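Written out below as structure tokens is the structure these notes cover.
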Amino acid sequence: MDPIVIIGSGLAGYNVARELRKLDKEIPLMVISSDSGHFYSKPMLSSALGSKKTPESIPLNGPEQMSGQINGPVRARTYVTNLDPAQHMVRIGEESVRYSKLVLALGADQLRLPFKGSAAERVLTVNDLDDYAQFRSAIKDKPMVAVIGAGLIGCEFAHDLSAGGHKAAVIDIAAYPLSRLLTPEGGAMMQRKLTDLGVTWHLGTSVESLDADRERTRVTLTNGTVFDADVVISAIGLRPRVALAQAAGIKTGMGITVNRNLETSAADVYALGDCAEVEGLVLPYVMPIMHAARALAATLAGKPTAVSYPAMPVLVKTPACPTIVSPPAAGAAGKWDVTATEEGVKALFYDASGKLLGFALNGKATEERAALAKLLPPVLA
Ligand SMILES: Cc1cc2nc3c(=O)[nH]c(=O)nc-3n(C[C@H](O)[C@H](O)[C@H](O)COP(=O)(O)OP(=O)(O)OC[C@H]3O[C@@H](n4cnc5c(N)ncnc54)[C@H](O)[C@@H]3O)c2cc1C
């Protein structure tokens, strides 16, 4: 029997494999991954300095151990070049691998802006362990890091760099940090608390150019500010990896389009994680992956199962400003009710009938997260 082939060894790929093994110990299974095949918690990449982790101490298991755990081969450093759903085959260059069922757990790419200037190519992004190792070696003994993007990952890196003894200068076109997730009051608190750690901010502006000045990079902003950084890192958002599916004629939108059973438009091909768009939702976070992995494992084991998502608040890993968000669905009608004090910000999003649809909590207000989460509607019932 041809194996179930999972492409991707991130949290999505490995969690499907592990969940499937709980239900079926024997069904042939293979993981193929273009990266090192280590099993690790990706969220740790933006908090590792503060928790004194190195790129070597972050992974929980190597590919050999994972192969033992999932009872199937893990082909690491192996890039799938094409999919052939009609033949039930994936191609790795000239080699073809047959599958009975195929799981696409391809993740997402960090967005990269086409910067002007002679140092544009120096900009780093951190999206996997290899990137992280490169980032850590780049910042070694280098005090000043420019962080492009004041979203969740940018703020976490700024906090973590400060915890690791670096100076972070954060640049964002928005007027305040985490502008897509927090109200202005919550953003102001985040800005204040990270400023206390030594973070500097360039908000309401963007990068005009990045120019090499020997080892350093001269950062010129559109508002005319110029400063030097040792390292520049960009964290401005993600783009689901859809190219492989698209080239094979599989339907894609913002991500690889799947239904509630995580089925793509091609027979026996499924997708989950950062690459997938489930009923119009692209949710690049850990909790949706855990729910999707369990549902898909049941489907692969022979019991078709639809995924459902409860409310899934996301913790922002900025301990100096504890923050938890559960944004309302995109386009939801309603308004924010904000209570802001020195100790915390409680922002609650209600619809016209008074139903709570989302929240954004900072500081002391995060103590109410469990009680508030119980009032939220499921993301996908
Ligand atoms: C710095 C950082 C901090 C984060 N913090 C949080 C947090 O605090 N909370 C939270 O909920 N979420 C957080 N996230 C998001 C979360 O980590 C991701 O949603 C999750 O890890 C994505 O897992 P994935 O398996 O879908 O994708 P990935 O981990 O990106 O895995 C994709 C896999 O596909 C493989 N692949 C891709 N193309 C091919 C190909 N053609 N051939 C073979 N293999 C291929 C890759 O090698 C990789 O193994 C964070 C993300 C980052 C980057």
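Residues in the structure tokens are numbered from 1 in each chain, the chains being A, B, ... in the order shown, and ligands are numbered from 1 in the order shown.
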
Name all residues at most 9 Å from region 184-194 of chain A (count only C-alpha atoms; drop same-chain ones fewer than 5 positions away) and give them as a ChimeraX atom specification. /A:155,158-159,162,175-179,199-201,318,320-323,338-340,342,344-347,360-363

Run DSSP on the backbone and tell me which residues of region 222-353 of chain A come out as strand (DSSP E); list them as number ranges by chain. A: 226-229, 231-234, 238-240, 256-258, 269-271, 276-278, 314-316, 323-326, 335-340, 344-350

Which residues, written as a list in words, have at least one atom at most 8 Å from His88 (chain A), with only C-alpha atoms counted and residues fewer than 2 positions away on the same chain left out? Asp84, Pro85, Ala86, Val90, Arg98, Tyr99, Ser100 and Lys101 of chain A

Take the residues from that selection and write them out as an mmCIF file, in the first residue's frame, keeping C-alpha atoms.
```
data_model
loop_
_atom_site.group_PDB
_atom_site.id
_atom_site.type_symbol
_atom_site.label_atom_id
_atom_site.label_comp_id
_atom_site.auth_asym_id
_atom_site.auth_seq_id
_atom_site.Cartn_x
_atom_site.Cartn_y
_atom_site.Cartn_z
ATOM 1 C CA ASP A 84 0.648 15.168 -9.643
ATOM 2 C CA PRO A 85 -2.763 14.558 -8.067
ATOM 3 C CA ALA A 86 -4.054 12.599 -11.093
ATOM 4 C CA VAL A 90 4.753 13.878 -5.680
ATOM 5 C CA ARG A 98 3.492 7.553 -4.816
ATOM 6 C CA TYR A 99 0.940 8.343 -2.136
ATOM 7 C CA SER A 100 -2.415 6.969 -1.093
ATOM 8 C CA LYS A 101 -3.321 10.298 0.494
#
```

Which distance in Å separates CA of Leu106 (chain A) and CA of Arg241 (chain A), to one decimal?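 Atom-to-atom, CA of Leu106 (chain A) and CA of Arg241 (chain A) are spaced 6.1 Å apart.
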
Need to verify the contact set: Pro310 (chain A), 7 Å, only C-alpha atoms, exclusion of same-chain residues closer than 4 positions in sequence. Can you return it as a list in words?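 In the requested format, the answer is Pro378, Val379 and Leu380 of chain A.
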
Around ligand 1, at most 8 Å away and counting only C-alpha atoms and all ligand atoms, which residues are there? Put them as a PyMOL selection string, please. chain A and resi 7-14+32-37+41-47+77-82+104-110+126-128+152-153+156-157+241+244+272-275+283-287+289+314-317

If you run DSSP on this backbone, which residues of region 65-257 of chain A come out as helix (DSSP H, G or I), and could you give them as an MDAnalysis selection string? chainID A and resid 65:70 85:87 120:122 129:139 152:163 184:196 243:247

Among the residues A:Arg216, A:Arg239, A:Arg75, A:Lys116, the one that comes closest to Val145 (chain A) [using only C-alpha atoms]: A:Arg216

By how many Å are CA of Leu356 (chain A) and CA of Gly154 (chain A) apart?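 Distance reported for this atom pair: 28.2 Å.
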